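J.: Compact mmCIF, C-alpha atoms, file structure-v2.txt:
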# COMPACT_ATOMS: atom_id res chain seq x y z
CA MET A 103 -7.47 18.14 36.57
CA GLU A 104 -7.97 15.90 33.51
CA GLU A 105 -5.43 17.96 31.52
CA ASP A 106 -2.95 17.72 34.41
CA HIS A 107 -3.43 13.94 34.53
CA ALA A 108 -2.88 13.66 30.77
CA ALA A 109 0.28 15.73 31.02
CA CYS A 110 1.65 13.44 33.75
CA ALA A 111 0.58 10.18 32.10
CA PRO A 112 3.41 8.07 30.68
CA GLN A 113 4.05 8.32 26.96
CA VAL A 114 3.41 5.12 25.01
CA ARG A 115 4.44 4.45 21.44
CA LEU A 116 1.81 2.63 19.41
CA ALA A 117 1.99 1.06 15.97
CA PHE A 118 -1.18 0.56 13.95
CA ARG A 119 -1.78 -1.58 10.89
CA VAL A 120 -3.73 0.65 8.53
CA GLY A 121 -5.93 -0.06 5.53
CA TYR A 122 -7.32 2.45 3.06
CA LEU A 123 -8.86 2.84 -0.37
CA GLY A 124 -6.69 5.17 -2.41
CA ASP A 125 -9.22 6.41 -4.96
CA GLN A 126 -10.06 9.67 -3.18
CA PHE A 127 -6.57 10.51 -1.94
CA ALA A 128 -3.73 12.47 -3.57
CA GLY A 129 -1.37 9.81 -2.21
CA SER A 130 -0.52 8.93 1.37
CA GLN A 131 2.05 11.62 2.24
CA ILE A 132 0.70 14.73 3.95
CA GLN A 133 0.28 17.75 1.66
CA ALA A 134 -0.88 21.26 2.43
CA GLN A 135 -3.74 21.55 -0.07
CA ASP A 136 -4.76 17.99 -1.00
CA ARG A 137 -6.61 15.21 0.80
CA THR A 138 -4.10 12.56 1.84
CA VAL A 139 -4.09 9.47 4.06
CA GLU A 140 -1.58 10.95 6.50
CA GLY A 141 -3.49 14.23 6.65
CA GLU A 142 -6.76 12.48 7.53
CA PHE A 143 -5.04 10.17 10.01
CA ILE A 144 -3.31 13.03 11.83
CA ALA A 145 -6.55 15.05 11.93
CA ALA A 146 -8.36 12.05 13.47
CA CYS A 147 -5.65 11.72 16.13
CA ILE A 148 -5.94 15.42 16.99
CA ARG A 149 -9.74 15.14 17.27
CA CYS A 150 -9.24 12.20 19.65
CA GLU A 151 -6.74 14.34 21.61
CA LEU A 152 -4.07 11.69 21.18
CA PHE A 153 -1.55 14.42 20.41
CA SER A 154 -1.61 18.08 19.40
CA ASP A 155 1.51 18.14 17.22
CA PHE A 156 2.29 15.21 14.91
CA ARG A 157 5.99 16.13 14.87
CA GLU A 158 6.27 15.99 18.66
CA ALA A 159 4.36 12.69 18.59
CA ARG A 160 6.84 11.45 15.97
CA PHE A 161 4.05 10.32 13.67
CA GLN A 162 5.63 8.08 11.02
CA THR A 163 4.51 5.58 8.39
CA ALA A 164 6.32 2.67 6.78
CA GLY A 165 6.32 4.31 3.35
CA ARG A 166 4.47 6.40 0.82
CA THR A 167 1.87 5.30 -1.67
CA ASP A 168 0.90 7.24 -4.79
CA ARG A 169 -2.44 8.71 -5.77
CA GLY A 170 -4.96 5.90 -6.29
CA VAL A 171 -2.89 3.16 -4.60
CA HIS A 172 -4.62 1.20 -1.82
CA ALA A 173 -3.31 -0.41 1.37
CA ARG A 174 -4.26 -3.41 3.44
CA GLY A 175 -1.21 -3.43 5.74
CA GLN A 176 0.39 0.02 5.92
CA VAL A 177 2.00 0.69 9.32
CA ALA A 178 1.74 3.99 11.17
CA ALA A 179 3.23 4.83 14.57
CA PHE A 180 2.97 7.70 17.05
CA THR A 181 3.54 8.42 20.72
CA THR A 182 0.63 9.30 23.00
CA SER A 183 -0.30 9.52 26.65
CA SER A 184 -3.76 8.05 25.86
CA PRO A 185 -3.11 4.62 24.33
CA GLU A 186 -6.43 3.10 25.45
CA ARG A 187 -8.37 5.92 23.82
CA ALA A 188 -6.35 5.50 20.63
CA ILE A 189 -7.18 1.82 20.37
CA LYS A 190 -10.88 2.27 21.15
CA ALA A 191 -11.72 5.55 19.43
CA LEU A 192 -9.46 6.02 16.42
CA ASN A 193 -11.64 4.08 13.98
CA TRP A 194 -14.62 6.24 14.96
CA GLN A 195 -12.76 9.41 14.03
CA LEU A 196 -11.20 8.18 10.79
CA PRO A 197 -13.17 8.64 7.54
CA PRO A 198 -14.79 5.43 6.21
CA ASP A 199 -12.13 4.93 3.52
CA ILE A 200 -9.35 4.62 6.15
CA TRP A 201 -9.35 2.15 9.03
CA VAL A 202 -7.00 0.55 11.54
CA ASN A 203 -7.21 -3.22 11.87
CA GLY A 204 -4.43 -3.97 14.33
CA TYR A 205 -2.31 -2.33 17.03
CA ALA A 206 0.86 -3.02 19.02
CA GLU A 207 2.76 -1.29 21.78
CA VAL A 208 6.31 -0.83 20.48
CA ASP A 209 9.72 0.42 21.50
CA PRO A 210 9.85 4.20 22.13
CA TRP A 211 12.22 4.62 19.19
CA PHE A 212 10.32 2.41 16.77
CA ASN A 213 10.23 3.84 13.24
CA PRO A 214 8.09 1.83 10.81
CA ARG A 215 10.03 3.08 7.81
CA TYR A 216 13.45 2.00 9.00
CA ASP A 217 12.37 -0.97 11.14
CA ALA A 218 10.45 -2.63 8.31
CA GLU A 219 12.09 -5.92 7.37
CA SER A 220 10.12 -6.32 4.14
CA ARG A 221 7.21 -4.88 2.18
CA THR A 222 4.74 -6.83 0.06
CA TYR A 223 2.59 -5.42 -2.75
CA ARG A 224 -0.16 -7.09 -4.74
CA TYR A 225 -1.30 -5.89 -8.13
CA TYR A 226 -4.74 -7.14 -9.19
CA LEU A 227 -5.66 -7.47 -12.86
CA THR A 228 -7.97 -9.40 -15.15
CA PRO A 229 -6.24 -12.48 -16.63
CA GLU A 230 -8.15 -12.38 -19.92
CA GLY A 231 -5.70 -12.58 -22.82
CA LEU A 232 -2.68 -13.09 -20.56
CA ASP A 233 -0.31 -16.07 -20.57
CA LEU A 234 0.04 -16.29 -16.79
CA GLU A 235 2.47 -19.21 -16.98
CA SER A 236 4.90 -17.20 -19.12
CA MET A 237 4.50 -14.25 -16.76
CA SER A 238 5.27 -16.46 -13.76
CA GLU A 239 8.47 -17.75 -15.36
CA ALA A 240 9.54 -14.24 -16.39
CA ALA A 241 8.86 -12.90 -12.88
CA LYS A 242 11.66 -15.07 -11.48
CA LEU A 243 14.19 -12.90 -13.32
CA PHE A 244 13.45 -10.06 -10.90
CA LEU A 245 14.55 -12.10 -7.87
CA GLY A 246 17.68 -11.02 -6.04
CA THR A 247 19.59 -7.77 -5.91
CA HIS A 248 19.68 -5.70 -9.10
CA ASN A 249 19.97 -2.17 -10.40
CA PHE A 250 16.25 -1.50 -10.87
CA SER A 251 16.60 1.87 -12.58
CA PRO A 252 15.10 0.43 -15.83
CA PHE A 253 11.97 -0.46 -13.84
CA ALA A 254 11.46 2.63 -11.69
CA ARG A 255 11.77 6.36 -11.32
CA VAL A 256 14.97 6.67 -9.35
CA GLN A 257 15.13 10.42 -8.60
CA GLY A 258 18.66 10.38 -7.23
CA LYS A 259 18.22 7.36 -4.96
CA ASP A 260 20.35 4.24 -4.88
CA PRO A 261 18.84 2.05 -7.65
CA GLN A 262 20.02 -1.18 -6.02
CA ARG A 263 17.07 -3.06 -4.54
CA THR A 264 16.52 -6.65 -3.38
CA VAL A 265 13.39 -8.53 -4.45
CA LEU A 266 12.70 -11.46 -2.11
CA SER A 267 9.81 -13.13 -3.92
CA VAL A 268 7.51 -12.70 -6.93
CA ARG A 269 4.34 -14.72 -7.55
CA VAL A 270 1.73 -14.68 -10.30
CA ILE A 271 -1.49 -16.19 -8.97
CA ASP A 272 -4.63 -17.03 -10.95
CA GLU A 273 -7.86 -16.64 -8.95
CA GLY A 274 -10.25 -17.22 -11.85
CA ASP A 275 -11.99 -13.92 -12.54
CA LEU A 276 -8.92 -12.04 -11.32
CA ALA A 277 -5.20 -12.65 -11.01
CA PHE A 278 -2.60 -10.90 -8.94
CA ILE A 279 1.14 -10.33 -9.06
CA GLU A 280 2.66 -10.33 -5.58
CA VAL A 281 6.09 -8.79 -5.04
CA SER A 282 8.00 -8.79 -1.74
CA GLY A 283 11.20 -6.88 -1.17
CA GLU A 284 13.23 -5.07 1.43
CA SER A 285 12.31 -1.70 -0.11
CA PHE A 286 11.12 -0.29 -3.42
CA LEU A 287 11.82 2.63 -5.70
CA TRP A 288 9.10 4.99 -6.92
CA HIS A 289 6.75 3.17 -9.34
CA MET A 290 9.00 0.10 -9.23
CA VAL A 291 6.23 -2.47 -8.71
CA ARG A 292 4.02 -0.84 -11.33
CA TYR A 293 6.83 -0.90 -13.92
CA MET A 294 7.50 -4.55 -13.08
CA VAL A 295 3.79 -5.31 -13.56
CA ALA A 296 3.67 -3.45 -16.89
CA THR A 297 6.65 -5.49 -18.07
CA LEU A 298 5.13 -8.81 -17.00
CA VAL A 299 1.83 -7.90 -18.69
CA GLY A 300 3.88 -7.22 -21.84
CA VAL A 301 5.26 -10.75 -21.55
CA GLY A 302 1.78 -12.13 -20.92
CA ARG A 303 0.47 -10.48 -24.10
CA GLY A 304 3.45 -11.59 -26.20
CA ARG A 305 4.81 -8.08 -26.75
CA LEU A 306 7.92 -8.77 -24.65
CA CYS A 307 9.96 -11.87 -23.89
CA PRO A 308 11.84 -12.86 -20.72
CA GLY A 309 15.12 -12.01 -22.46
CA ASP A 310 14.01 -8.37 -22.55
CA ILE A 311 13.93 -8.29 -18.74
CA THR A 312 17.43 -9.77 -18.52
CA HIS A 313 18.73 -7.32 -21.11
CA CYS A 314 17.27 -4.31 -19.29
CA LEU A 315 18.60 -5.40 -15.90
CA GLU A 316 22.07 -5.78 -17.40
CA SER A 317 22.11 -2.76 -19.72
CA GLY A 318 20.05 -0.22 -17.76
CA GLU A 319 17.72 0.39 -20.72
CA LYS A 320 14.03 1.04 -20.06
CA CYS A 321 11.70 -1.87 -20.79
CA CYS A 322 8.38 0.01 -20.61
CA HIS A 323 7.67 3.68 -21.15
CA SER A 324 4.95 3.90 -18.51
CA PRO A 325 3.98 1.98 -15.35
CA ALA A 326 0.79 -0.01 -14.88
CA PRO A 327 -2.18 2.10 -13.65
CA ALA A 328 -2.29 2.81 -9.93
CA PHE A 329 -5.80 1.49 -9.21
CA GLY A 330 -4.79 -2.19 -9.17
CA LEU A 331 -1.96 -1.80 -6.64
CA VAL A 332 -2.30 -2.65 -2.94
CA LEU A 333 0.34 -2.29 -0.24
CA TRP A 334 -0.49 -5.71 1.12
CA GLU A 335 1.78 -6.06 4.13
CA VAL A 336 4.68 -4.42 5.93
CA ASP A 337 6.66 -6.81 8.11
CA CYS A 338 8.16 -4.92 11.04
CA GLY A 339 8.70 -8.04 13.13
CA ILE A 340 5.92 -7.14 15.56
CA ARG A 341 2.64 -8.84 16.51
CA PHE A 342 -0.52 -6.84 15.96
CA PHE A 343 -3.62 -7.31 18.08
CA PRO A 344 -6.96 -6.93 16.27
CA VAL A 345 -9.00 -3.73 16.19
CA SER A 346 -12.65 -3.80 15.11
CA ARG A 347 -13.71 -1.60 12.18
CA ASP A 348 -16.62 0.72 12.81
CA SER A 349 -19.96 0.31 11.04
CA ARG A 350 -19.38 3.29 8.72
CA THR A 351 -16.42 1.57 7.07
CA GLU A 352 -18.39 -1.68 6.75
CA ARG A 353 -21.24 0.19 5.05
CA HIS A 354 -18.82 2.06 2.80
CA LEU A 355 -17.10 -1.14 1.66
CA GLY A 356 -20.45 -2.81 1.11
CA GLN A 357 -21.68 0.08 -1.04
CA LEU A 358 -18.50 -0.04 -3.13
CA ARG A 359 -18.90 -3.77 -3.75
CA GLU A 360 -22.49 -3.20 -4.82
CA GLN A 361 -21.52 -0.32 -7.12
CA HIS A 362 -18.80 -2.37 -8.80
CA ALA A 363 -21.16 -5.33 -9.29
CA VAL A 364 -23.73 -3.03 -10.92
CA MET A 365 -21.10 -1.38 -13.13
CA GLU A 366 -19.87 -4.80 -14.25
CA LYS A 367 -23.39 -5.63 -15.44
CA ILE A 368 -23.80 -2.26 -17.17
CA CYS A 369 -20.41 -2.49 -18.91
CA SER A 370 -21.19 -6.04 -20.05
CA ALA A 371 -24.49 -4.87 -21.52
CA PHE A 372 -22.78 -2.02 -23.36
CA ARG A 373 -20.10 -4.37 -24.68
CA ASP A 374 -22.72 -6.86 -25.92
CA SER A 375 -24.62 -4.07 -27.71
CA ILE A 376 -21.43 -2.94 -29.51
CA LEU A 377 -20.61 -6.47 -30.61
Could you quickly redo this structure as structure tokens?
T.:
Amino acid sequence: MEEDHAACAPQVRLAFRVGYLGDQFAGSQIQAQDRTVEGEFIAACIRCELFSDFREARFQTAGRTDRGVHARGQVAAFTTSSPERAIKALNWQLPPDIWVNGYAEVDPWFNPRYDAESRTYRYYLTPEGLDLESMSEAAKLFLGTHNFSPFARVQGKDPQRTVLSVRVIDEGDLAFIEVSGESFLWHMVRYMVATLVGVGRGRLCPGDITHCLESGEKCCHSPAPAFGLVLWEVDCGIRFFPVSRDSRTERHLGQLREQHAVMEKICSAFRDSIL
């Protein structure tokens, strides 16, 4: 009888705001052999009996992130006949390095990839030895619509992209570069960060950015490392209602903070002994 009721229940399309730590994932996109964010998310949905086939449920995300890249505001959507169970139980089935922190009931044809109005990334880095003021001035050159092939891996896609805002913010022990745009090419933000760090260290000048945007020549040979990058927010024009994280995620995040604090002390001691 319960299966018959589920089969007759109306289908509801839900969008979830998703956070994850990218260290232990081979990227976000589902892959046959590797651990990925989408693979874990789909498996959790199947365990919750929210759907049996992710294709039939039209499971979709707002975009892909590479190996080691984190997210605070990724958006995932799927259709289910058990929306209440999804909201209440999903966090209990997800592994502790993935969590949902908001939900919304959306249009049946909502697609977070194509309905996203903008995407915002933050790249965190240590400001030591960087001229953040020069970086902030140079960052303004990326604003607007440009051919970003010198600052990305294009792979046959249209290289024209529109950057809506760029900020370089000093938080004391850390700084971050925040970039918002309609969409991004592969490694685009990380190449932009590598270029701005080059300016901050005096290896590049703002004129190099202008020259590369106009000529199509590469400015940096490699992007900034993935570990500092966070998909901060995806604006799909919808309001998310809060979802509580489960205690496993809270413990996991607490342990990570403790580990990093200890490693900071250990690395400082090693550095002092070398000096």
J.: Can you list, as a PyMOL selection string, every protein, DNA or RNA residue that comes within 6 Å of region 219-236 of chain A when you count all atoms listed in the file, leaving out same-chain residues fewer than 4 positions away?
T.: chain A and resi 276-284+302-303+330-338
J.: Compare A:Pro252, A:Gly339, A:Gly300, A:Gly274 by their minimum atom-to-atom distance to Glu316 (chain A), counting all atoms listed in the file, and give me the closest one.
T.: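 Checking each candidate against Glu316 (chain A), we get A:Pro252 as the closest.
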J.: Using only C-alpha atoms, which of A:Tyr205, A:Phe180, A:Phe286, A:Phe372 sits nearest Val120 (chain A)?
T.: A:Tyr205
J.: Go ahead and find all residues with at least one atom no further than 8 Å from (-6.7, 0.8, 19.7) in the file's coordinates, using all atoms listed in the file; report them as a list in words.
T.: Phe118, Pro185, Glu186, Arg187, Ala188, Ile189, Lys190, Ala191, Leu192, Gly204, Tyr205 and Val345 of chain A
J.: Quick one: distance from CA of Ala134 (chain A) to CA of Arg119 (chain A) in Å, one decimal?
T.: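 We find that CA of Ala134 (chain A) and CA of Arg119 (chain A) lie 24.4 Å from each other.
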J.: I want to know what sits within 12 Å of Lys320 (chain A), based on all atoms listed in the file, with residues of the same chain fewer than 5 positions away left out; could you give that as a VMD selection string?
T.: chain A and resid 249 to 255 290 293 to 294 296 to 297 310 to 315 325
J.: Choose the residue, out of A:Gly165, A:Pro308, A:Gly170, A:Gly175, that has the smallest atom-to-atom separation from Phe342 (chain A); count all atoms listed in the file.
T.: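 Of A:Gly165, A:Pro308, A:Gly170, A:Gly175, the one nearest Phe342 (chain A), counting all atoms listed in the file, is A:Gly175.
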J.: What does the structure give for the distance between CA of Arg359 (chain A) and CA of Pro198 (chain A), in Å to one decimal?
T.: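 A separation of 14.2 Å between them.
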J.: What's the 10 Å shell around Ile340 (chain A), counting all atoms listed in the file, without same-chain residues fewer than 6 positions away, as an mmCIF file with C-alpha atoms, keeping the file's coordinate frame?
T.:
data_model
loop_
_atom_site.group_PDB
_atom_site.id
_atom_site.type_symbol
_atom_site.label_atom_id
_atom_site.label_comp_id
_atom_site.auth_asym_id
_atom_site.auth_seq_id
_atom_site.Cartn_x
_atom_site.Cartn_y
_atom_site.Cartn_z
ATOM 1 C CA ALA A 117 1.990 1.060 15.970
ATOM 2 C CA TYR A 205 -2.310 -2.330 17.030
ATOM 3 C CA ALA A 206 0.860 -3.020 19.020
ATOM 4 C CA GLU A 207 2.760 -1.290 21.780
ATOM 5 C CA VAL A 208 6.310 -0.830 20.480
ATOM 6 C CA ASP A 217 12.370 -0.970 11.140
ATOM 7 C CA ALA A 218 10.450 -2.630 8.310
#
J.: In Å, rounded to a single decimal, give me how far CA of Ala326 (chain A) is from CA of Ala241 (chain A).
T.: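 Separating CA of Ala241 (chain A) from CA of Ala326 (chain A) is a distance of 15.3 Å.
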J.: For Ala328 (chain A), which residue among A:Pro112, A:Pro344, A:Pro261, A:Gly129 is the nearest when counting all atoms listed in the file?
T.: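 Selected residue with least distance to Ala328 (chain A): A:Gly129.
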J.: Choose the residue, out of A:Val299, A:Leu355, A:Ala111, A:Ala371, that has the smallest atom-to-atom separation from Thr181 (chain A); count all atoms listed in the file.
T.: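 Counting all atoms listed in the file, the residue closest to Thr181 (chain A) is A:Ala111.
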J.: For Tyr122 (chain A), which residue among A:Ala164, A:Ala363, A:Cys321, A:Leu196 is the nearest when counting only C-alpha atoms?
T.: A:Leu196
